[in-house]
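For reference, entry20.cif is printed below; it contains mmCIF, C-alpha atoms and all ligand atoms.
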```cif
data_coords
loop_
_atom_site.label_atom_id
_atom_site.label_comp_id
_atom_site.auth_asym_id
_atom_site.auth_seq_id
_atom_site.Cartn_x
_atom_site.Cartn_y
_atom_site.Cartn_z
CA MET A 30 -17.31 13.11 -22.73
CA ILE A 31 -16.53 15.20 -19.66
CA ILE A 32 -14.20 12.49 -18.42
CA ASP A 33 -12.40 12.51 -21.78
CA TYR A 34 -12.09 16.27 -21.58
CA LEU A 35 -10.71 16.20 -18.04
CA TYR A 36 -8.34 13.39 -18.89
CA GLY A 37 -7.13 15.38 -21.89
CA PHE A 38 -6.51 18.35 -19.63
CA ILE A 39 -4.43 16.32 -17.18
CA GLU A 40 -2.43 14.79 -20.03
CA LEU A 41 -1.82 18.24 -21.53
CA LYS A 42 -0.69 19.62 -18.18
CA ARG A 43 1.73 16.73 -17.73
CA ARG A 44 3.12 17.15 -21.26
CA LEU A 45 3.61 20.87 -20.64
CA TYR A 46 5.48 20.07 -17.43
CA ASP A 47 7.67 17.73 -19.47
CA LEU A 48 8.30 20.43 -22.08
CA VAL A 49 9.37 23.06 -19.58
CA GLY A 50 11.55 20.53 -17.79
CA ILE A 51 9.70 20.23 -14.50
CA GLU A 52 11.19 17.26 -12.72
CA LYS A 53 9.15 14.06 -12.82
CA PRO A 54 8.75 12.69 -9.32
CA ASN A 55 9.59 9.22 -8.15
CA TYR A 56 6.58 7.37 -6.78
CA LEU A 57 6.61 5.42 -3.55
CA PHE A 58 3.40 3.61 -2.62
CA ILE A 59 3.34 2.08 0.85
CA CYS A 60 0.45 -0.18 1.77
CA LEU A 61 0.09 -1.53 5.32
CA ASP A 62 -1.94 -4.68 4.78
CA SER A 63 -5.16 -4.80 6.87
CA CYS A 64 -4.32 -1.62 8.78
CA ARG A 65 -7.43 0.00 10.22
CA TYR A 66 -7.81 3.76 10.15
CA ASP A 67 -8.49 4.01 13.89
CA VAL A 68 -5.40 1.94 14.68
CA PHE A 69 -3.18 4.05 12.46
CA LYS A 70 -4.61 7.26 13.88
CA GLN A 71 -3.83 6.21 17.44
CA ALA A 72 -0.34 4.86 16.66
CA ASN A 73 2.76 6.84 17.50
CA ALA A 74 4.08 6.97 13.95
CA PRO A 75 5.92 10.28 13.56
CA ASN A 76 7.83 9.41 10.40
CA MET A 77 4.80 8.44 8.35
CA LYS A 78 2.60 11.15 9.83
CA ALA A 79 5.21 13.79 8.95
CA ILE A 80 4.81 12.99 5.24
CA GLY A 81 1.41 14.67 5.04
CA GLN A 82 -2.01 15.07 6.59
CA LEU A 83 -3.65 11.86 7.76
CA LYS A 84 -7.05 11.38 6.11
CA GLN A 85 -9.67 8.74 6.55
CA ALA A 86 -10.61 7.03 3.32
CA HIS A 87 -12.65 3.96 2.44
CA SER A 88 -11.23 1.11 0.46
CA PHE A 89 -13.04 -0.20 -2.60
CA ALA A 90 -12.30 -3.75 -1.46
CA CYS A 91 -12.03 -5.81 1.68
CA PHE A 92 -9.34 -8.26 0.63
CA THR A 93 -5.87 -7.82 -0.79
CA PRO A 94 -5.81 -8.82 -4.49
CA SER A 95 -8.94 -6.86 -5.40
CA ALA A 96 -7.51 -3.76 -3.70
CA MET A 97 -4.18 -4.23 -5.51
CA ILE A 98 -5.94 -4.39 -8.89
CA GLY A 99 -7.69 -1.10 -8.08
CA PHE A 100 -4.49 0.67 -7.05
CA LEU A 101 -2.67 -0.66 -10.11
CA MET A 102 -5.49 0.65 -12.31
CA ASN A 103 -4.81 4.07 -10.78
CA PHE A 104 -7.99 4.22 -8.69
CA PRO A 105 -7.88 6.19 -5.44
CA PRO A 106 -9.70 4.97 -2.34
CA ILE A 107 -13.17 6.45 -1.80
CA GLY A 108 -13.68 9.91 -0.34
CA LEU A 109 -10.47 11.77 -1.15
CA ASN A 110 -11.85 14.16 -3.79
CA ILE A 111 -9.28 13.02 -6.32
CA SER A 112 -10.10 11.23 -9.55
CA ARG A 113 -6.96 9.11 -9.77
CA LEU A 114 -3.85 8.32 -7.80
CA TYR A 115 -1.37 9.53 -10.40
CA PRO A 116 -1.59 11.83 -13.45
CA TYR A 117 -1.94 8.91 -15.84
CA LYS A 118 -4.85 7.01 -17.35
CA LYS A 119 -7.41 5.40 -15.10
CA TRP A 120 -8.82 2.05 -16.21
CA ALA A 121 -5.41 1.37 -17.77
CA TRP A 122 -2.64 -0.64 -16.12
CA LEU A 123 -0.51 1.89 -14.24
CA PRO A 124 2.81 0.00 -14.58
CA VAL A 125 2.39 0.04 -18.37
CA GLU A 126 1.64 3.76 -18.38
CA LEU A 127 4.66 4.44 -16.17
CA HIS A 128 6.93 2.35 -18.38
CA LYS A 129 5.91 4.54 -21.31
CA GLU A 130 7.11 7.54 -19.29
CA GLY A 131 10.50 6.02 -18.55
CA TYR A 132 9.80 4.73 -15.05
CA LYS A 133 11.15 1.47 -13.65
CA ASN A 134 8.59 -0.41 -11.56
CA ALA A 135 9.15 -2.55 -8.47
CA PHE A 136 6.90 -4.54 -6.17
CA PHE A 137 8.16 -5.70 -2.78
CA SER A 138 6.00 -7.84 -0.49
CA PRO A 139 5.97 -11.02 1.56
CA ASN A 140 2.32 -11.51 0.47
CA ALA A 141 2.12 -14.95 -1.17
CA VAL A 142 -1.24 -14.42 -2.85
CA LEU A 143 0.09 -12.05 -5.50
CA PRO A 144 2.83 -14.33 -6.92
CA LEU A 145 0.29 -17.17 -6.84
CA LEU A 146 -2.21 -15.12 -8.80
CA ASP A 147 0.57 -14.11 -11.18
CA LEU A 148 1.40 -17.77 -11.71
CA ASN A 149 -2.25 -18.55 -12.46
CA LEU A 150 -2.32 -15.66 -14.93
CA LYS A 151 0.85 -16.95 -16.60
CA GLY A 152 2.88 -13.96 -15.47
CA SER A 153 0.48 -11.27 -16.70
CA LEU A 154 -0.10 -9.65 -13.32
CA LEU A 155 3.49 -8.75 -12.53
CA LYS A 156 5.28 -8.74 -15.88
CA GLU A 157 5.44 -4.94 -16.02
CA PHE A 158 7.42 -4.86 -12.77
CA ASP A 159 11.13 -4.70 -13.53
CA VAL A 160 11.85 -5.91 -10.01
CA LYS A 161 9.45 -8.08 -8.01
CA GLU A 162 10.42 -9.70 -4.76
CA PHE A 163 8.01 -11.91 -2.81
CA ILE A 164 9.05 -15.37 -1.73
CA LYS A 165 12.45 -14.40 -0.41
CA TYR A 166 10.68 -12.49 2.38
CA ASP A 167 9.95 -15.52 4.51
CA LYS A 168 10.58 -14.32 8.05
CA GLU A 169 8.23 -13.18 10.82
CA THR A 170 9.13 -9.62 9.89
CA ASN A 171 10.51 -8.55 6.53
CA VAL A 172 10.26 -4.78 6.56
CA ASP A 173 14.01 -4.32 7.23
CA GLU A 174 14.90 -6.27 4.11
CA ILE A 175 12.19 -4.56 2.08
CA VAL A 176 13.54 -1.14 3.06
CA LYS A 177 17.02 -2.23 2.00
CA ASP A 178 15.75 -3.54 -1.35
CA ALA A 179 13.58 -0.48 -1.94
CA LEU A 180 16.53 1.83 -1.29
CA SER A 181 18.76 -0.16 -3.66
CA PHE A 182 16.08 0.01 -6.35
CA PHE A 183 15.71 3.74 -5.73
CA ASN A 184 19.45 4.37 -5.96
CA GLU A 185 20.02 2.19 -9.03
CA ASN A 186 17.34 3.80 -11.19
CA GLU A 187 16.66 7.35 -12.25
CA LEU A 188 12.85 7.28 -12.20
CA ILE A 189 11.00 4.77 -10.10
CA TYR A 190 7.59 3.56 -9.04
CA SER A 191 7.95 1.36 -6.01
CA PHE A 192 5.05 -0.54 -4.42
CA LEU A 193 5.63 -1.80 -0.89
CA LEU A 194 2.95 -4.09 0.51
CA LEU A 195 3.97 -4.58 4.13
CA MET A 196 2.55 -7.48 6.12
CA GLU A 197 3.48 -6.79 9.76
CA THR A 198 -0.01 -5.34 10.31
CA HIS A 199 -1.66 -8.43 8.81
CA THR A 200 -2.37 -11.46 10.95
CA PRO A 201 -0.16 -13.05 12.19
CA ILE A 202 0.61 -9.57 13.43
CA PHE A 203 4.24 -8.72 14.15
CA ASP A 204 4.08 -6.40 17.11
CA GLY A 205 7.78 -5.48 17.11
CA GLU A 206 8.83 -8.51 19.14
CA LYS A 207 7.15 -11.56 17.66
CA ALA A 208 4.40 -12.63 15.27
CA LYS A 209 1.07 -13.25 16.96
CA ILE A 210 -1.94 -15.11 15.63
CA PRO A 211 -4.55 -13.19 17.57
CA TYR A 212 -7.86 -14.81 16.68
CA PRO A 213 -9.86 -15.86 18.57
CA ILE A 214 -7.91 -16.24 21.76
CA GLN A 215 -7.44 -12.56 22.57
CA ASN A 216 -9.92 -9.80 23.11
CA PRO A 217 -10.44 -7.05 20.50
CA LYS A 218 -8.53 -4.48 22.54
CA SER A 219 -5.40 -6.60 22.62
CA VAL A 220 -5.56 -7.19 18.85
CA PHE A 221 -6.03 -3.46 18.34
CA ASP A 222 -2.87 -2.92 20.39
CA PHE A 223 -0.92 -5.59 18.46
CA GLN A 224 -1.71 -3.86 15.20
CA MET A 225 -0.88 -0.46 16.65
CA LYS A 226 2.53 -1.74 17.74
CA ALA A 227 3.04 -3.16 14.26
CA VAL A 228 2.36 0.30 12.79
CA GLU A 229 4.86 1.82 15.22
CA PHE A 230 7.45 -0.83 14.33
CA ILE A 231 6.94 -0.18 10.61
CA ASP A 232 7.20 3.55 11.24
CA GLU A 233 10.75 3.23 12.61
CA LYS A 234 11.78 1.42 9.42
CA MET A 235 10.01 3.96 7.20
CA GLY A 236 12.12 6.61 8.90
CA ILE A 237 15.22 4.89 7.49
CA LEU A 238 13.66 4.66 4.03
CA PHE A 239 12.55 8.30 4.02
CA ASP A 240 16.00 9.47 5.24
CA GLY A 241 17.66 7.53 2.42
CA ILE A 242 15.37 9.14 -0.13
CA ARG A 243 15.78 12.56 1.44
CA ASP A 244 19.59 12.25 1.26
CA SER A 245 19.36 11.68 -2.49
CA GLY A 246 17.65 15.04 -2.98
CA ARG A 247 15.32 13.50 -5.57
CA LYS A 248 11.69 14.52 -5.53
CA THR A 249 9.53 11.62 -4.42
CA ASP A 250 5.76 11.47 -4.16
CA VAL A 251 4.84 9.25 -1.21
CA ILE A 252 1.48 7.62 -0.54
CA ILE A 253 0.86 5.68 2.68
CA THR A 254 -2.37 3.74 2.92
CA SER A 255 -3.92 0.33 3.46
CA ASP A 256 -5.77 -2.14 1.26
CA HIS A 257 -8.66 -2.70 3.71
CA GLY A 258 -9.43 -2.78 7.41
CA GLU A 259 -9.99 -5.65 9.78
CA LEU A 260 -12.70 -6.89 12.14
CA LEU A 261 -11.34 -7.44 15.61
CA GLY A 262 -14.20 -9.32 17.19
CA PRO A 263 -15.49 -10.26 19.65
CA VAL A 264 -17.80 -12.11 17.25
CA GLN A 265 -16.58 -11.17 13.76
CA TRP A 266 -12.89 -11.58 12.93
CA GLY A 267 -10.64 -10.96 9.95
CA HIS A 268 -11.44 -9.54 6.53
CA ASN A 269 -11.77 -12.30 3.90
CA PRO A 270 -15.30 -12.70 2.52
CA GLY A 271 -15.22 -16.49 2.16
CA ASP A 272 -13.93 -17.38 5.61
CA LEU A 273 -16.36 -19.41 7.69
CA THR A 274 -16.55 -20.23 11.36
CA PHE A 275 -16.51 -23.80 12.63
CA TYR A 276 -20.32 -23.68 12.37
CA ASN A 277 -20.28 -22.55 8.71
CA GLN A 278 -21.21 -18.98 9.55
CA SER A 279 -19.47 -16.10 7.74
CA ARG A 280 -16.65 -14.75 9.86
CA ILE A 281 -17.32 -11.23 8.64
CA THR A 282 -20.31 -9.07 7.90
CA TYR A 283 -20.31 -5.67 6.21
CA SER A 284 -18.81 -3.13 8.57
CA ASN A 285 -17.18 0.28 8.41
CA GLU A 286 -14.09 -1.11 10.10
CA LEU A 287 -13.56 -3.43 7.14
CA PHE A 288 -13.25 -0.48 4.79
CA GLU A 289 -11.93 2.48 6.79
CA ILE A 290 -8.28 3.00 5.90
CA PRO A 291 -5.65 5.68 6.49
CA PHE A 292 -4.40 7.79 3.61
CA ILE A 293 -1.42 10.13 3.68
CA ARG A 294 0.18 11.82 0.69
CA GLY A 295 3.21 14.05 0.63
CA THR A 296 6.50 14.76 -1.07
CA ILE A 297 10.04 14.09 -0.02
CA ASN A 298 12.52 16.43 -1.69
ZN ZN A 301 -4.88 -7.28 2.54
#
```

Rewrite the coordinates I just gave you, this time as structure tokens.
Ligand SMILES: [Zn+2]
Amino acid sequence: MIIDYLYGFIELKRRLYDLVGIEKPNYLFICLDSCRYDVFKQANAPNMKAIGQLKQAHSFACFTPSAMIGFLMNFPPIGLNISRLYPYKKWAWLPVELHKEGYKNAFFSPNAVLPLLDLNLKGSLLKEFDVKEFIKYDKETNVDEIVKDALSFFNENELIYSFLLLMETHTPIFDGEKAKIPYPIQNPKSVFDFQMKAVEFIDEKMGILFDGIRDSGRKTDVIITSDHGELLGPVQWGHNPGDLTFYNQSRITYSNELFEIPFIRGTIN
């Protein structure tokens, strides 16, 4: 009942904004796959950190597809004192809600799991995305090409929701020079540093994306976050629940570092 009331209030507010002609923002959602909060906090990432205040949040999932489903159902990570990511229905499918409002939706990622899941679901997962690019991003690092595609999508459409799932921070980690498969040959500190360099590398590219958006003068709501954290050893590695060691032991156990993620929100005008 209370939820219905609050939802009604948010809807009313949005409709009033529409009526008085307040500009609808574009939405840019940037997810750094597997990026830990402590890594992001320590990284020299001036472009992303200039977007808004860095907050620590907790993910509702510890592996990618389950986190994606949550974000696409408009759920915020835990601990941000917000009830939803965007002023649209929660529990609904955000791309559908955005389509109703005249948005064009895009998903850009080298992550192979999402197109595979989409295939298994006979196209249901991604059909509301007007543009979806996955398999063409087949290099060690793809963020340059994703920035180019995201800017084209931005410039070719009036109202956009763009979801960037970037993989440089995911193992194999691209540290700005080459992709590294860190486990289990390095120590946790070196893997921490690999991921930090990946954040810094991504940050340079985000600077180009943000400048392009800024030059357009169009109001854009930007969220920068992660889907989950990562265990960096020395005993527990990775983030996927079903992964086993050579001796059939789980490679992960419940840990804060699996769920602590960065969250930044701000507006580019
Ligand atoms: Zn992930």

Please write out the residues within 12 Å of ligand ZN 301 (chain A) as a PyMOL selection string, counting all atoms listed in the file. chain A and resi 60-65+88-98+138-143+194-200+254-259+267-270+287-288+290

Top pick for closest residue to Gly241 in chain A, considering A:Glu169, A:Asp159, A:Glu130, A:Asp178 and counting only C-alpha atoms: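 The shortest atom-to-atom distance to Gly241 in chain A comes from A:Asp178.
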
Leaving out Phe192 in chain A and any residue of its chain fewer than 5 positions from it, which residues lie within 12 Å of it when counting only C-alpha atoms, given as a VMD selection string? chain A and resid 55 to 61 97 100 to 101 123 to 124 133 to 138 155 158 to 163 175 to 176 178 to 179 182 to 183 251 to 255

Return the single residue from A:Asp222, A:Asp67, A:Gly152, A:Phe230 that is closest to Asn171 in chain A, with distances computed using all atoms listed in the file.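 Closest to Asn171 in chain A, using all atoms listed in the file: A:Phe230.
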
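One finds CA of Ile281 in chain A at 22.6 Å from CA of Ala227 in chain A.
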
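Between CA of Lys156 in chain A and CA of Glu126 in chain A the interatomic distance comes to 13.3 Å.
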
Would you fill the gaps in range 109-120 of chain A so it has N, CA and C atoms, then print it as a PDB file, in the frame of the given file?
```
ATOM      1  N   LEU A 109     -11.632  10.884  -1.229  1.00  0.00           N
ATOM      2  CA  LEU A 109     -10.470  11.770  -1.150  1.00  0.00           C
ATOM      3  C   LEU A 109     -10.581  12.978  -2.087  1.00  0.00           C
ATOM      4  N   ASN A 110     -11.664  13.063  -2.831  1.00  0.00           N
ATOM      5  CA  ASN A 110     -11.850  14.160  -3.790  1.00  0.00           C
ATOM      6  C   ASN A 110     -10.735  14.236  -4.827  1.00  0.00           C
ATOM      7  N   ILE A 111     -10.226  13.081  -5.198  1.00  0.00           N
ATOM      8  CA  ILE A 111      -9.280  13.020  -6.320  1.00  0.00           C
ATOM      9  C   ILE A 111      -9.808  11.960  -7.282  1.00  0.00           C
ATOM     10  N   SER A 112      -9.518  12.154  -8.571  1.00  0.00           N
ATOM     11  CA  SER A 112     -10.100  11.230  -9.550  1.00  0.00           C
ATOM     12  C   SER A 112      -9.178  10.057  -9.842  1.00  0.00           C
ATOM     13  N   ARG A 113      -7.925  10.185  -9.494  1.00  0.00           N
ATOM     14  CA  ARG A 113      -6.960   9.110  -9.770  1.00  0.00           C
ATOM     15  C   ARG A 113      -5.779   9.280  -8.826  1.00  0.00           C
ATOM     16  N   LEU A 114      -5.006   8.221  -8.698  1.00  0.00           N
ATOM     17  CA  LEU A 114      -3.850   8.320  -7.800  1.00  0.00           C
ATOM     18  C   LEU A 114      -2.729   9.133  -8.432  1.00  0.00           C
ATOM     19  N   TYR A 115      -2.499   8.905  -9.707  1.00  0.00           N
ATOM     20  CA  TYR A 115      -1.370   9.530 -10.400  1.00  0.00           C
ATOM     21  C   TYR A 115      -1.861  10.169 -11.694  1.00  0.00           C
ATOM     22  N   PRO A 116      -1.114  11.125 -12.245  1.00  0.00           N
ATOM     23  CA  PRO A 116      -1.590  11.830 -13.450  1.00  0.00           C
ATOM     24  C   PRO A 116      -1.434  11.013 -14.722  1.00  0.00           C
ATOM     25  N   TYR A 117      -1.954   9.817 -14.688  1.00  0.00           N
ATOM     26  CA  TYR A 117      -1.940   8.910 -15.840  1.00  0.00           C
ATOM     27  C   TYR A 117      -3.332   8.328 -15.997  1.00  0.00           C
ATOM     28  N   LYS A 118      -3.525   7.553 -17.060  1.00  0.00           N
ATOM     29  CA  LYS A 118      -4.850   7.010 -17.350  1.00  0.00           C
ATOM     30  C   LYS A 118      -5.398   6.184 -16.194  1.00  0.00           C
ATOM     31  N   LYS A 119      -6.704   6.318 -15.970  1.00  0.00           N
ATOM     32  CA  LYS A 119      -7.410   5.400 -15.100  1.00  0.00           C
ATOM     33  C   LYS A 119      -8.013   4.334 -16.011  1.00  0.00           C
ATOM     34  N   TRP A 120      -8.335   3.213 -15.468  1.00  0.00           N
ATOM     35  CA  TRP A 120      -8.820   2.050 -16.210  1.00  0.00           C
ATOM     36  C   TRP A 120      -7.696   1.342 -16.962  1.00  0.00           C
TER      37      TRP A 120
END
```
